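Shown below: final_29.pdb, with PDB, C-alpha atoms and all ligand atoms.
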ATOM      1  CA  MET A   1       9.779   0.676   4.231  1.00  0.00           C
ATOM      2  CA  GLU A   2      12.367  -0.331   1.715  1.00  0.00           C
ATOM      3  CA  LYS A   3      14.218   2.045  -0.562  1.00  0.00           C
ATOM      4  CA  LEU A   4      14.218   1.576  -4.303  1.00  0.00           C
ATOM      5  CA  SER A   5      15.689   4.105  -6.729  1.00  0.00           C
ATOM      6  CA  GLY A   6      15.276   6.839  -4.159  1.00  0.00           C
ATOM      7  CA  LYS A   7      11.652   6.013  -3.447  1.00  0.00           C
ATOM      8  CA  LYS A   8      10.288   4.107  -0.504  1.00  0.00           C
ATOM      9  CA  LYS A   9       8.212   1.045  -1.303  1.00  0.00           C
ATOM     10  CA  LEU A  10       4.989   0.806   0.612  1.00  0.00           C
ATOM     11  CA  ARG A  11       4.635  -2.360   2.635  1.00  0.00           C
ATOM     12  CA  VAL A  12       1.414  -4.159   1.810  1.00  0.00           C
ATOM     13  CA  SER A  13      -0.519  -7.027   3.364  1.00  0.00           C
ATOM     14  CA  VAL A  14      -3.016  -8.953   1.231  1.00  0.00           C
ATOM     15  CA  PHE A  15      -5.881 -10.851   2.892  1.00  0.00           C
ATOM     16  CA  ILE A  16      -7.307 -13.881   1.077  1.00  0.00           C
ATOM     17  CA  SER A  17      -9.746 -16.729   1.700  1.00  0.00           C
ATOM     18  CA  GLY A  18      -9.774 -18.611  -1.594  1.00  0.00           C
ATOM     19  CA  ARG A  19      -8.497 -18.916  -5.138  1.00  0.00           C
ATOM     20  CA  GLY A  20      -6.144 -15.930  -5.092  1.00  0.00           C
ATOM     21  CA  THR A  21      -6.219 -14.655  -8.690  1.00  0.00           C
ATOM     22  CA  ASN A  22      -6.260 -11.073  -7.441  1.00  0.00           C
ATOM     23  CA  LEU A  23      -3.387 -11.867  -5.080  1.00  0.00           C
ATOM     24  CA  LYS A  24      -1.459 -13.251  -8.057  1.00  0.00           C
ATOM     25  CA  SER A  25      -2.091 -10.091 -10.038  1.00  0.00           C
ATOM     26  CA  LEU A  26      -0.948  -7.926  -7.102  1.00  0.00           C
ATOM     27  CA  ILE A  27       2.210  -9.985  -6.661  1.00  0.00           C
ATOM     28  CA  ASN A  28       3.009  -9.600 -10.372  1.00  0.00           C
ATOM     29  CA  PHE A  29       2.456  -5.865 -10.045  1.00  0.00           C
ATOM     30  CA  SER A  30       4.702  -5.660  -6.973  1.00  0.00           C
ATOM     31  CA  ARG A  31       7.468  -7.467  -8.850  1.00  0.00           C
ATOM     32  CA  LYS A  32       7.537  -4.927 -11.683  1.00  0.00           C
ATOM     33  CA  LYS A  33      10.447  -2.562 -11.943  1.00  0.00           C
ATOM     34  CA  ASN A  34       9.633   0.647 -10.063  1.00  0.00           C
ATOM     35  CA  SER A  35       6.498  -0.789  -8.498  1.00  0.00           C
ATOM     36  CA  PRO A  36       5.460   1.402  -5.546  1.00  0.00           C
ATOM     37  CA  ILE A  37       4.637  -1.593  -3.336  1.00  0.00           C
ATOM     38  CA  LYS A  38       6.169  -4.621  -1.741  1.00  0.00           C
ATOM     39  CA  ILE A  39       3.854  -7.395  -0.534  1.00  0.00           C
ATOM     40  CA  VAL A  40       5.372  -8.504   2.747  1.00  0.00           C
ATOM     41  CA  LEU A  41       2.523 -10.378   4.401  1.00  0.00           C
ATOM     42  CA  ILE A  42      -0.372 -12.547   3.280  1.00  0.00           C
ATOM     43  CA  ILE A  43      -3.097 -13.251   5.781  1.00  0.00           C
ATOM     44  CA  THR A  44      -5.666 -16.010   5.407  1.00  0.00           C
ATOM     45  CA  ASN A  45      -8.448 -17.434   7.534  1.00  0.00           C
ATOM     46  CA  ASN A  46      -8.536 -20.565   5.389  1.00  0.00           C
ATOM     47  CA  LYS A  47      -5.756 -23.137   5.530  1.00  0.00           C
ATOM     48  CA  LYS A  48      -7.074 -24.661   2.306  1.00  0.00           C
ATOM     49  CA  ALA A  49      -7.166 -21.420   0.308  1.00  0.00           C
ATOM     50  CA  LYS A  50      -5.770 -22.117  -3.163  1.00  0.00           C
ATOM     51  CA  GLY A  51      -4.124 -18.690  -3.125  1.00  0.00           C
ATOM     52  CA  ILE A  52      -1.661 -19.875  -0.478  1.00  0.00           C
ATOM     53  CA  TYR A  53       0.229 -21.401  -3.400  1.00  0.00           C
ATOM     54  CA  PHE A  54       1.178 -17.909  -4.607  1.00  0.00           C
ATOM     55  CA  ALA A  55       2.462 -16.933  -1.159  1.00  0.00           C
ATOM     56  CA  LYS A  56       4.665 -20.014  -1.040  1.00  0.00           C
ATOM     57  CA  LYS A  57       5.851 -19.753  -4.637  1.00  0.00           C
ATOM     58  CA  ASN A  58       6.913 -16.153  -4.091  1.00  0.00           C
ATOM     59  CA  LYS A  59       8.313 -16.778  -0.599  1.00  0.00           C
ATOM     60  CA  ILE A  60       6.039 -14.208   1.012  1.00  0.00           C
ATOM     61  CA  LYS A  61       5.343 -14.510   4.738  1.00  0.00           C
ATOM     62  CA  LEU A  62       1.987 -16.232   5.289  1.00  0.00           C
ATOM     63  CA  SER A  63      -0.007 -15.924   8.460  1.00  0.00           C
ATOM     64  CA  PHE A  64      -2.984 -18.179   9.174  1.00  0.00           C
ATOM     65  CA  ILE A  65      -5.584 -16.647  11.444  1.00  0.00           C
ATOM     66  CA  ASN A  66      -8.063 -18.903  13.199  1.00  0.00           C
ATOM     67  CA  TYR A  67     -11.432 -17.155  13.194  1.00  0.00           C
ATOM     68  CA  LYS A  68     -13.173 -19.344  15.767  1.00  0.00           C
ATOM     69  CA  ASN A  69     -13.029 -16.347  18.067  1.00  0.00           C
ATOM     70  CA  LYS A  70     -13.294 -13.167  15.966  1.00  0.00           C
ATOM     71  CA  ASN A  71     -12.067 -10.875  18.719  1.00  0.00           C
ATOM     72  CA  LYS A  72      -8.910 -12.904  19.283  1.00  0.00           C
ATOM     73  CA  ALA A  73      -8.445 -13.306  15.533  1.00  0.00           C
ATOM     74  CA  GLU A  74      -8.514  -9.561  14.972  1.00  0.00           C
ATOM     75  CA  LYS A  75      -6.133  -8.910  17.876  1.00  0.00           C
ATOM     76  CA  LYS A  76      -3.681 -11.325  16.285  1.00  0.00           C
ATOM     77  CA  ILE A  77      -4.150  -9.690  12.881  1.00  0.00           C
ATOM     78  CA  LEU A  78      -3.420  -6.233  14.313  1.00  0.00           C
ATOM     79  CA  LEU A  79      -0.309  -7.448  16.073  1.00  0.00           C
ATOM     80  CA  THR A  80       0.946  -9.198  12.942  1.00  0.00           C
ATOM     81  CA  LEU A  81       0.304  -6.093  10.817  1.00  0.00           C
ATOM     82  CA  LYS A  82       2.197  -3.887  13.292  1.00  0.00           C
ATOM     83  CA  ASN A  83       5.094  -6.357  13.495  1.00  0.00           C
ATOM     84  CA  HIS A  84       5.467  -6.163   9.724  1.00  0.00           C
ATOM     85  CA  TYR A  85       5.185  -2.344   9.529  1.00  0.00           C
ATOM     86  CA  ILE A  86       2.281  -2.597   7.107  1.00  0.00           C
ATOM     87  CA  ASP A  87       1.409   0.664   5.321  1.00  0.00           C
ATOM     88  CA  PHE A  88      -1.837  -0.492   3.749  1.00  0.00           C
ATOM     89  CA  ILE A  89      -4.009  -3.567   3.288  1.00  0.00           C
ATOM     90  CA  CYS A  90      -5.580  -5.124   0.197  1.00  0.00           C
ATOM     91  CA  LEU A  91      -8.530  -7.425   0.712  1.00  0.00           C
ATOM     92  CA  ALA A  92      -8.665  -9.891  -2.171  1.00  0.00           C
ATOM     93  CA  GLY A  93     -11.528 -12.306  -1.718  1.00  0.00           C
ATOM     94  CA  PHE A  94     -11.297 -12.218   2.083  1.00  0.00           C
ATOM     95  CA  MET A  95     -14.565 -13.739   3.276  1.00  0.00           C
ATOM     96  CA  LYS A  96     -14.619 -12.279   6.790  1.00  0.00           C
ATOM     97  CA  ILE A  97     -16.027  -8.914   7.725  1.00  0.00           C
ATOM     98  CA  ILE A  98     -13.350  -6.634   9.138  1.00  0.00           C
ATOM     99  CA  SER A  99     -14.553  -4.891  12.280  1.00  0.00           C
ATOM    100  CA  GLU A 100     -13.883  -1.354  13.495  1.00  0.00           C
ATOM    101  CA  LYS A 101     -10.996  -2.554  15.632  1.00  0.00           C
ATOM    102  CA  ILE A 102      -8.933  -2.990  12.456  1.00  0.00           C
ATOM    103  CA  ILE A 103     -10.626  -0.307  10.353  1.00  0.00           C
ATOM    104  CA  ASN A 104      -9.851   2.412  12.923  1.00  0.00           C
ATOM    105  CA  ASN A 105      -6.215   1.388  13.072  1.00  0.00           C
ATOM    106  CA  TYR A 106      -5.921   1.522   9.295  1.00  0.00           C
ATOM    107  CA  LYS A 107      -8.315   4.341   8.477  1.00  0.00           C
ATOM    108  CA  ASN A 108      -8.547   4.873   4.696  1.00  0.00           C
ATOM    109  CA  LYS A 109      -5.754   2.345   4.308  1.00  0.00           C
ATOM    110  CA  ILE A 110      -7.773  -0.760   3.506  1.00  0.00           C
ATOM    111  CA  LEU A 111      -8.795  -1.508  -0.069  1.00  0.00           C
ATOM    112  CA  ASN A 112     -11.242  -4.127  -1.277  1.00  0.00           C
ATOM    113  CA  ILE A 113     -12.236  -5.431  -4.686  1.00  0.00           C
ATOM    114  CA  HIS A 114     -15.872  -6.242  -5.322  1.00  0.00           C
ATOM    115  CA  PRO A 115     -17.379  -7.882  -8.421  1.00  0.00           C
ATOM    116  CA  SER A 116     -20.126  -5.364  -9.176  1.00  0.00           C
ATOM    117  CA  LEU A 117     -20.681  -1.744 -10.082  1.00  0.00           C
ATOM    118  CA  LEU A 118     -20.980  -0.495  -6.524  1.00  0.00           C
ATOM    119  CA  PRO A 119     -23.123   0.892  -4.962  1.00  0.00           C
ATOM    120  CA  LYS A 120     -25.198  -1.674  -6.856  1.00  0.00           C
ATOM    121  CA  TYR A 121     -25.077  -5.304  -5.746  1.00  0.00           C
ATOM    122  CA  LYS A 122     -23.245  -5.183  -2.451  1.00  0.00           C
ATOM    123  CA  GLY A 123     -22.686  -8.518  -0.726  1.00  0.00           C
ATOM    124  CA  LEU A 124     -22.519 -12.034  -2.141  1.00  0.00           C
ATOM    125  CA  ASN A 125     -23.706 -13.739  -5.349  1.00  0.00           C
ATOM    126  CA  THR A 126     -23.484 -10.555  -7.374  1.00  0.00           C
ATOM    127  CA  HIS A 127     -23.342 -12.218 -10.792  1.00  0.00           C
ATOM    128  CA  ARG A 128     -26.423 -14.350 -10.124  1.00  0.00           C
ATOM    129  CA  ARG A 129     -28.403 -11.310  -9.009  1.00  0.00           C
ATOM    130  CA  VAL A 130     -27.190  -9.228 -11.951  1.00  0.00           C
ATOM    131  CA  ILE A 131     -28.293 -11.924 -14.427  1.00  0.00           C
ATOM    132  CA  ASN A 132     -31.639 -12.488 -12.682  1.00  0.00           C
ATOM    133  CA  ASN A 133     -32.330  -8.753 -12.818  1.00  0.00           C
ATOM    134  CA  LYS A 134     -31.539  -8.710 -16.553  1.00  0.00           C
ATOM    135  CA  GLU A 135     -28.996  -5.930 -16.175  1.00  0.00           C
ATOM    136  CA  LYS A 136     -27.296  -4.709 -19.357  1.00  0.00           C
ATOM    137  CA  PHE A 137     -23.993  -3.855 -17.680  1.00  0.00           C
ATOM    138  CA  THR A 138     -21.944  -5.049 -14.761  1.00  0.00           C
ATOM    139  CA  GLY A 139     -18.322  -4.684 -13.695  1.00  0.00           C
ATOM    140  CA  CYS A 140     -16.075  -4.434 -10.707  1.00  0.00           C
ATOM    141  CA  THR A 141     -15.010  -1.857  -8.165  1.00  0.00           C
ATOM    142  CA  VAL A 142     -12.003  -1.184  -5.980  1.00  0.00           C
ATOM    143  CA  HIS A 143     -13.022   0.816  -2.931  1.00  0.00           C
ATOM    144  CA  LEU A 144     -11.864   1.879   0.499  1.00  0.00           C
ATOM    145  CA  VAL A 145     -13.206  -0.173   3.376  1.00  0.00           C
ATOM    146  CA  ASN A 146     -15.298   1.492   6.044  1.00  0.00           C
ATOM    147  CA  SER A 147     -17.575   0.025   8.693  1.00  0.00           C
ATOM    148  CA  LYS A 148     -20.475  -0.559   6.259  1.00  0.00           C
ATOM    149  CA  LEU A 149     -20.296  -3.523   3.884  1.00  0.00           C
ATOM    150  CA  ASP A 150     -18.981  -2.633   0.399  1.00  0.00           C
ATOM    151  CA  SER A 151     -19.711   1.043   0.987  1.00  0.00           C
ATOM    152  CA  GLY A 152     -16.427   2.999   1.230  1.00  0.00           C
ATOM    153  CA  LYS A 153     -15.156   5.578  -1.242  1.00  0.00           C
ATOM    154  CA  ILE A 154     -14.747   4.227  -4.759  1.00  0.00           C
ATOM    155  CA  ILE A 155     -11.187   4.327  -6.083  1.00  0.00           C
ATOM    156  CA  LEU A 156     -11.681   2.711  -9.496  1.00  0.00           C
ATOM    157  CA  GLN A 157     -14.502   1.041 -11.340  1.00  0.00           C
ATOM    158  CA  LYS A 158     -14.708  -0.713 -14.708  1.00  0.00           C
ATOM    159  CA  LYS A 159     -17.920  -1.437 -16.554  1.00  0.00           C
ATOM    160  CA  ILE A 160     -18.519  -4.264 -19.029  1.00  0.00           C
ATOM    161  CA  LYS A 161     -21.471  -5.194 -21.205  1.00  0.00           C
ATOM    162  CA  ILE A 162     -23.419  -8.327 -20.356  1.00  0.00           C
ATOM    163  CA  LEU A 163     -23.734 -10.576 -23.398  1.00  0.00           C
ATOM    164  CA  LYS A 164     -26.973 -12.364 -24.314  1.00  0.00           C
ATOM    165  CA  LYS A 165     -25.208 -15.706 -23.986  1.00  0.00           C
ATOM    166  CA  ASP A 166     -23.741 -14.909 -20.545  1.00  0.00           C
ATOM    167  CA  ASN A 167     -24.604 -17.070 -17.553  1.00  0.00           C
ATOM    168  CA  GLU A 168     -23.419 -16.690 -13.970  1.00  0.00           C
ATOM    169  CA  ASN A 169     -20.264 -18.637 -14.731  1.00  0.00           C
ATOM    170  CA  THR A 170     -19.167 -16.923 -17.943  1.00  0.00           C
ATOM    171  CA  LEU A 171     -19.962 -13.528 -16.483  1.00  0.00           C
ATOM    172  CA  SER A 172     -18.000 -14.173 -13.321  1.00  0.00           C
ATOM    173  CA  ASN A 173     -14.994 -15.311 -15.399  1.00  0.00           C
ATOM    174  CA  ARG A 174     -15.128 -12.223 -17.585  1.00  0.00           C
ATOM    175  CA  VAL A 175     -15.463  -9.884 -14.605  1.00  0.00           C
ATOM    176  CA  LEU A 176     -12.630 -11.657 -12.780  1.00  0.00           C
ATOM    177  CA  LYS A 177     -10.241 -10.938 -15.661  1.00  0.00           C
ATOM    178  CA  ILE A 178     -11.128  -7.253 -15.376  1.00  0.00           C
ATOM    179  CA  GLU A 179     -10.706  -7.388 -11.589  1.00  0.00           C
ATOM    180  CA  ASN A 180      -7.198  -8.754 -12.016  1.00  0.00           C
ATOM    181  CA  LEU A 181      -6.430  -5.882 -14.398  1.00  0.00           C
ATOM    182  CA  ILE A 182      -7.826  -3.008 -12.379  1.00  0.00           C
ATOM    183  CA  TYR A 183      -6.631  -3.869  -8.864  1.00  0.00           C
ATOM    184  CA  PRO A 184      -3.021  -2.779  -9.570  1.00  0.00           C
ATOM    185  CA  LEU A 185      -4.279   0.322 -11.410  1.00  0.00           C
ATOM    186  CA  ALA A 186      -6.440   1.202  -8.426  1.00  0.00           C
ATOM    187  CA  ILE A 187      -3.454   0.853  -6.110  1.00  0.00           C
ATOM    188  CA  LYS A 188      -1.446   3.283  -8.226  1.00  0.00           C
ATOM    189  CA  LYS A 189      -4.327   5.747  -8.135  1.00  0.00           C
ATOM    190  CA  PHE A 190      -4.820   5.260  -4.393  1.00  0.00           C
ATOM    191  CA  ILE A 191      -1.137   5.911  -3.696  1.00  0.00           C
ATOM    192  CA  ASP A 192      -1.014   8.987  -5.943  1.00  0.00           C
ATOM    193  CA  PHE A 193      -4.136  10.627  -4.560  1.00  0.00           C
ATOM    194  CA  SER A 194      -4.640   9.352  -1.033  1.00  0.00           C
ATOM    195  CA  LEU A 195      -1.304   8.572   0.599  1.00  0.00           C
TER     196      LEU A 195
HETATM  197  C1  LIG A 201     -13.336 -11.762  -6.479  1.00  0.00           C
HETATM  198  O1  LIG A 201     -14.421 -11.881  -7.339  1.00  0.00           O
HETATM  199  C2  LIG A 201     -13.464 -10.532  -5.621  1.00  0.00           C
HETATM  200  O2  LIG A 201     -14.071  -9.459  -6.274  1.00  0.00           O
HETATM  201  C3  LIG A 201     -14.340 -11.009  -4.497  1.00  0.00           C
HETATM  202  O3  LIG A 201     -13.891 -12.324  -4.248  1.00  0.00           O
HETATM  203  C4  LIG A 201     -13.330 -12.874  -5.437  1.00  0.00           C
HETATM  204  C5  LIG A 201     -11.931 -13.311  -5.114  1.00  0.00           C
HETATM  205  O4  LIG A 201     -11.306 -13.973  -6.187  1.00  0.00           O
HETATM  206  N1  LIG A 201     -14.268 -10.123  -3.364  1.00  0.00           N
HETATM  207  P1  LIG A 201      -9.794 -14.396  -6.093  1.00  0.00           P
HETATM  208  O5  LIG A 201      -9.607 -15.219  -4.831  1.00  0.00           O
HETATM  209  O6  LIG A 201      -8.958 -13.143  -6.061  1.00  0.00           O
HETATM  210  O7  LIG A 201      -9.513 -15.210  -7.330  1.00  0.00           O
END
Whole structure given in structure tokens:
Amino acid sequence: MEKLSGKKKLRVSVFISGRGTNLKSLINFSRKKNSPIKIVLIITNNKKAKGIYFAKKNKIKLSFINYKNKNKAEKKILLTLKNHYIDFICLAGFMKIISEKIINNYKNKILNIHPSLLPKYKGLNTHRRVINNKEKFTGCTVHLVNSKLDSGKIILQKKIKILKKDNENTLSNRVLKIENLIYPLAIKKFIDFSL
């Protein structure tokens, strides 16, 4: 850990597979004066992930993990996390399911962001399902990761109203903006209450 104004910064690894808007928001948060975290490692399973740009731009160590063999991939992830003295992990659009091997090593220290009001709409294509079911509200959730998909303890959730004119695309854009806002807030809350 690194000292800043008397306080130790927690060392964070962010896992991504794609666009990386949540990663960008977390990096901005980590760069703020008195931020409680330092992002020291970005892990991706996708060499073409657009979010890699943010790792490079901010000179953060990037580790590519080949998932052809999941067991080997997770062994490499664990080793890399240990080598970087990672305190906790943020999943940000990481499209692989993390198995117990990693979860048990980082018990209650893995966060994920999901684009629905969990426990509703776990899994993929949330916005499409929400629209098809004519829901009035949707939102996003930051939660702890356990061995069941999108099922760990909820840290923070934000609800928004679905507009009549919303389609899958507009809704996903509006929810994404809220995701980018709440992920740093959830981290603050997580650190204050859980660490
Ligand atoms: C977000 O909608 C997140 O909730 C989901 O994957 C998407 C990642 O977006 N788990 P981005 O890569 O952070 O832009």
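Compared by their closest atoms to Leu118 (chain A), and using all atoms listed in the file, the residues A:Leu62, A:Leu23, A:Ile39, A:Leu156 rank with A:Leu156 nearest.
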(message) For region 93-99 of chain A, find every residue with an atom within 8 Å (counting all atoms listed in the file), except residues of its own chain fewer than 6 positions away, and show them as a VMD selection string.
(response) chain A and resid 15 to 18 20 22 44 113 147 149
(request) Using all atoms listed in the file, find each residue with an atom at most 9 Å away from ligand LIG 201 (chain A) and format the answer as a PyMOL selection string. (result) chain A and resi 16-25+49-51+91-95+112-116+123-124+140-142+172-173+175-176+179-180
(message) Can you translate the PyMOL selection byres (((chain A and resi 75) around 12) and not hetatm) into the concrete residues it hits in this file, as a list in words?
(response) Ile65, Asn66, Tyr67, Asn69, Lys70, Asn71, Lys72, Ala73, Glu74, Lys76, Ile77, Leu78, Leu79, Thr80, Leu81, Lys82, Ile98, Ser99, Glu100, Lys101, Ile102 and Asn105 of chain A
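Going from CA of Val14 (chain A) to CA of Lys59 (chain A) covers 13.9 Å.
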(message) Which residues, named as in the file, does the PyMOL selection byres (((chain A and resi 129) around 12) and not hetatm) pick out? Answer as JSON, numbers by chain.
(response) {"A": [115, 116, 120, 121, 122, 123, 124, 125, 126, 127, 128, 130, 131, 132, 133, 134, 135, 138, 167, 168, 171, 172]}
(message) Could you tell me how far CA of Ser194 (chain A) sits from CA of Phe54 (chain A), in Å to one decimal place?
(response) 28.1 Å
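Residue nearest Lys148 (chain A), chosen from A:Leu26, A:Ile160, A:Ile103, A:Leu117 and counting all atoms listed in the file: A:Ile103.
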(message) Just the number, please: distance in Å from CA of Val145 (chain A) to CA of Leu111 (chain A), one decimal.
(response) 5.8 Å
(request) Evaluate the PyMOL selection byres (((chain A and resi 109) around 12) and not hetatm) and record the selected residues as a PyMOL selection string, following the chain and residue labels used in the document. (result) chain A and resi 10-13+86-91+102-108+110-112+143-146+152-153+155+187+190-191+194-195
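Candidate residues A:Lys7, A:Lys177, A:Lys188, A:Lys136 were compared for distance to Leu163 (chain A), and the nearest is A:Lys136, using only C-alpha atoms.
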(request) Select, from A:Lys158, A:Lys164, A:Asn169, A:Leu41, the residue with the minimum atom-to-atom distance to Ile182 (chain A), counting all atoms listed in the file. (result) A:Lys158
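Comparing A:Pro119, A:Lys159, A:Lys47, A:Lys165 by their smallest distance to Ile178 (chain A), the closest is A:Lys159 (using all atoms listed in the file).
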